[in-house]
Amino acid sequence: MLASLAFWAFSGVAILSALMVVIARSPVRSVMFLILSFISAAGLFVLLGAEFLAMLLIVVYVGAVAVLFLFVVMMLDVDFAELSAGFAENIPLGALVAVVLAVELLMIGLTWESAPQAAALRAAVTPDGLSNVEALGTLLYDDYIYFFQAAGLVLLVAMIGAIVLTLRHKPHVRRQNVADQVQRRAEDAVELIDIKPGQGIGE
Amino acid sequence: MSHFIEQWGPFWGTMATLGQILAFVVVLLISLAFLLLMDRKVWAAVQMRKGPNVVGAFGLLQSFADFLKFVFKEVVIPAGVDRSLYLIAPLITLILAFVTWVVVPVAPGWVIADLNVGLLYLFAMSSLGVYGIIIGGWASNSKYPFLGALRSAAQMVSYEVSIGFIIVTVLLFAGSMNLTTIVEAQGGWFWNWNFLALHTLANGWPMFIVMIPMTVMFFISALAETNRPPFDLPEAESELVAGYQVEYSSTPYLLFMIGEYLNIVLMCAMITILFFGGWNSPIPDAMIGLADWPVWASSLWNFGWFAGKVVFFFFMFAMVKALVPRYRYDQLMRLGWKIFLPTSLGAVALVGAYIVYGLG
């Protein structure tokens, strides 16, 4: 009873907040609703018994990706009157895209046949006697270690690519050098001069 | 929680869990009142002042007086703020600070939810803490709060990375993400605690060389993660007035403050659980015959050690606040990304090597 109640609550909130992402007026609120739908999805994962995935969803998507979204959106200065100005002209094109997408989704949904083992697999996500984390770990690091390493390599290449694309050498920028700062002593920087009255430093 | 439902059925089991939650909240809030006082007293003592000493004997009731003052003041909502987000932000901070305590075991069996992925849950919830601050800073629609919020978000996201890797070293030792298992794995003499990990010497690996620096780094990262001095750049008063809290007053401000201090206490509890044996006393249970004690006595004994360690680390937090000058922003980022990240990654590799080859 409790579980089904939680299911309806989580899925209802997930769908409603996903809707609100699209129709919310301010982009910051859109991101907030996106975060809410992430969290509800994590709740659904917990109900499925996939608590590790749920936590990962929160750590990665809510804790890192959505923070970056929020950063970017908060910095933007969006003018909504300007954005929605061309709304009426673009409706036919938008409707066409929506209809095509809906037809495709329907085609997939109606012709989908799941494998005979699928129902049993869905009922017991993890093998007996193994926790979620252990089951995922065995899959990733024992059974599919080479694929895992290859995925890591792809990510590394992407990371290096992103760094190379955004790296700019600015020769005239003065940078903080911590080693220099730590080694600096009072003797190098301050000089005590005894100035006689009426004479000045005399330079 | 689930064992309550199994024992007493769905209704009374849920009621028992609710009671447990209520007990946690009440104990946390009351101890927070005195920890706040302790923070101010320690700070005052270092600066050779008396600190709060008027309300109640030795100022013991100061926090309660402050609480009343906050609650009875008018909630000022400045013009031009995003009202709903402005009021939600302190709530997010407070609620996240409380829900994290669900998985914290304070004595054997004294935990609300004994999750399998407890450590990951802790990490996930503390990574959400940044939202209260960003939203508060943005919704205030004012320069200084926004700058403070941006600083604090960058700072918290940066130090989460090193905290994550340091946590990995601990969970490699315990072989589990369940906090109760992590604490039980450190039982026996105090040198089994993860900050020394001297039991690895039996296998010929001096892992304390890795774990002592990790403990210190976790402490420093915890300071940065909770925006405590010397990393209190988000609320650096000489630059940003009070950072993301500038526009807040009365109860919303109080919620921010309670959330912040709860997070600090949580970090102290995490240091205790991860590195200092949690509820374990420094002498082994077998030596004092703890198994023969009545349950209430042994539970209280263990809880006492846990609470004592948490208070000790809170004292350390207060001393750091009193003693260390504030970091510059670029120094903070350099420390997090260029020093802590590679060091903790190296430590993960070393501990992993010990698990594979040392235990062999």
# chains A, B, ... in the order shown; residues from 1 in each chain; ligands from 1
$ residues_around --residues "stretch 242-251 of chain B" --least-positions-apart "3" --cutoff "6 Å" --atoms "only C-alpha atoms" --output "list in words"
Phe70, Val71, Lys73, Val75, Gly137, Tyr144, Pro145, Gly148, Ala149, Pro234, Glu235, Glu237 and Leu254 of chain B
$ interface_residues --of "chain A" --to "chain B" --cutoff "7 Å" --atoms "only C-alpha atoms" --output "VMD selection string"
chain A and resid 52 55 58 to 59 63
$ residues_around --residues "A:Ala50" --least-positions-apart "5" --cutoff "10 Å" --atoms "only C-alpha atoms" --output "PyMOL selection string"
chain A and resi 42-45+55+125-126+131-133+136
$ write_last_selection --atoms "N, CA and C atoms" --output "mmCIF file, in the first residue's frame"
data_model
loop_
_atom_site.group_PDB
_atom_site.id
_atom_site.type_symbol
_atom_site.label_atom_id
_atom_site.label_comp_id
_atom_site.auth_asym_id
_atom_site.auth_seq_id
_atom_site.Cartn_x
_atom_site.Cartn_y
_atom_site.Cartn_z
ATOM 1 N N ALA A 42 14.547 9.700 -9.199
ATOM 2 C CA ALA A 42 15.387 8.970 -8.255
ATOM 3 C C ALA A 42 14.509 8.192 -7.274
ATOM 4 N N GLY A 43 13.398 8.808 -6.853
ATOM 5 C CA GLY A 43 12.472 8.105 -5.970
ATOM 6 C C GLY A 43 11.901 6.868 -6.628
ATOM 7 N N LEU A 44 11.582 6.960 -7.931
ATOM 8 C CA LEU A 44 11.077 5.786 -8.653
ATOM 9 C C LEU A 44 12.127 4.686 -8.699
ATOM 10 N N PHE A 45 13.392 5.077 -8.890
ATOM 11 C CA PHE A 45 14.479 4.095 -8.878
ATOM 12 C C PHE A 45 14.532 3.358 -7.547
ATOM 13 N N MET A 55 20.855 7.067 -6.158
ATOM 14 C CA MET A 55 21.829 7.973 -5.545
ATOM 15 C C MET A 55 22.715 8.598 -6.616
ATOM 16 N N VAL A 125 15.612 -7.477 -10.197
ATOM 17 C CA VAL A 125 16.624 -6.718 -10.928
ATOM 18 C C VAL A 125 18.017 -7.247 -10.629
ATOM 19 N N THR A 126 18.284 -7.503 -9.343
ATOM 20 C CA THR A 126 19.609 -7.978 -8.982
ATOM 21 C C THR A 126 19.536 -9.475 -8.665
ATOM 22 N N SER A 131 23.860 -7.312 -3.318
ATOM 23 C CA SER A 131 23.222 -6.004 -3.247
ATOM 24 C C SER A 131 23.380 -5.356 -4.611
ATOM 25 N N ASN A 132 22.588 -4.321 -4.801
ATOM 26 C CA ASN A 132 22.628 -3.510 -5.995
ATOM 27 C C ASN A 132 24.000 -3.114 -6.476
ATOM 28 N N VAL A 133 24.773 -2.586 -5.498
ATOM 29 C CA VAL A 133 26.092 -2.051 -5.812
ATOM 30 C C VAL A 133 26.990 -3.179 -6.297
ATOM 31 N N LEU A 136 26.004 -4.319 -9.858
ATOM 32 C CA LEU A 136 26.469 -3.374 -10.872
ATOM 33 C C LEU A 136 27.982 -3.437 -11.023
#
$ residues_around --residues "B:Ala202" --least-positions-apart "5" --cutoff "12 Å" --atoms "only C-alpha atoms" --output "ChimeraX atom specification"
/B:192,197,207,358-359
$ write_last_selection --atoms "all heavy atoms" --output "compact mmCIF listing (two decimals), in the first residue's frame"
# COMPACT_ATOMS: atom_id res chain seq x y z
N ASN B 192 42.55 0.61 15.26
CA ASN B 192 41.79 0.10 14.12
C ASN B 192 40.97 1.19 13.45
O ASN B 192 40.41 0.98 12.39
CB ASN B 192 40.84 -1.00 14.57
CG ASN B 192 41.58 -2.28 14.85
OD1 ASN B 192 42.71 -2.44 14.41
ND2 ASN B 192 40.97 -3.16 15.60
N ALA B 197 44.49 3.18 10.98
CA ALA B 197 44.45 1.94 10.19
C ALA B 197 45.69 1.09 10.42
O ALA B 197 46.31 0.60 9.49
CB ALA B 197 44.25 2.25 8.71
N MET B 207 49.55 1.73 6.22
CA MET B 207 48.56 2.59 5.56
C MET B 207 48.30 3.89 6.31
O MET B 207 47.64 4.77 5.78
CB MET B 207 47.24 1.85 5.37
CG MET B 207 47.29 0.76 4.33
SD MET B 207 48.10 1.26 2.81
CE MET B 207 46.83 2.23 2.05
N GLY B 358 47.90 -6.16 -0.73
CA GLY B 358 48.24 -6.31 0.69
C GLY B 358 47.43 -7.39 1.37
O GLY B 358 47.95 -8.21 2.12
N LEU B 359 46.11 -7.38 1.13
CA LEU B 359 45.27 -8.40 1.76
C LEU B 359 45.46 -9.75 1.09
O LEU B 359 45.26 -10.79 1.71
CB LEU B 359 43.80 -7.99 1.68
CG LEU B 359 43.38 -6.81 2.54
CD1 LEU B 359 41.92 -6.52 2.38
CD2 LEU B 359 43.68 -7.11 4.00
$ atom_distance --atom1 "atom CA of B:Gly164" --atom2 "atom CA of B:Val111"
22.6 Å
$ closest_residue --among "B:Met156, B:Ile288, B:Val46, B:Ile258" --to "B:Ile92" --atoms "only C-alpha atoms"
B:Ile258
$ closest_residue --among "A:Leu68, A:Leu48, A:Val157, A:Ile15" --to "A:Val31" --atoms "only C-alpha atoms"
A:Leu68
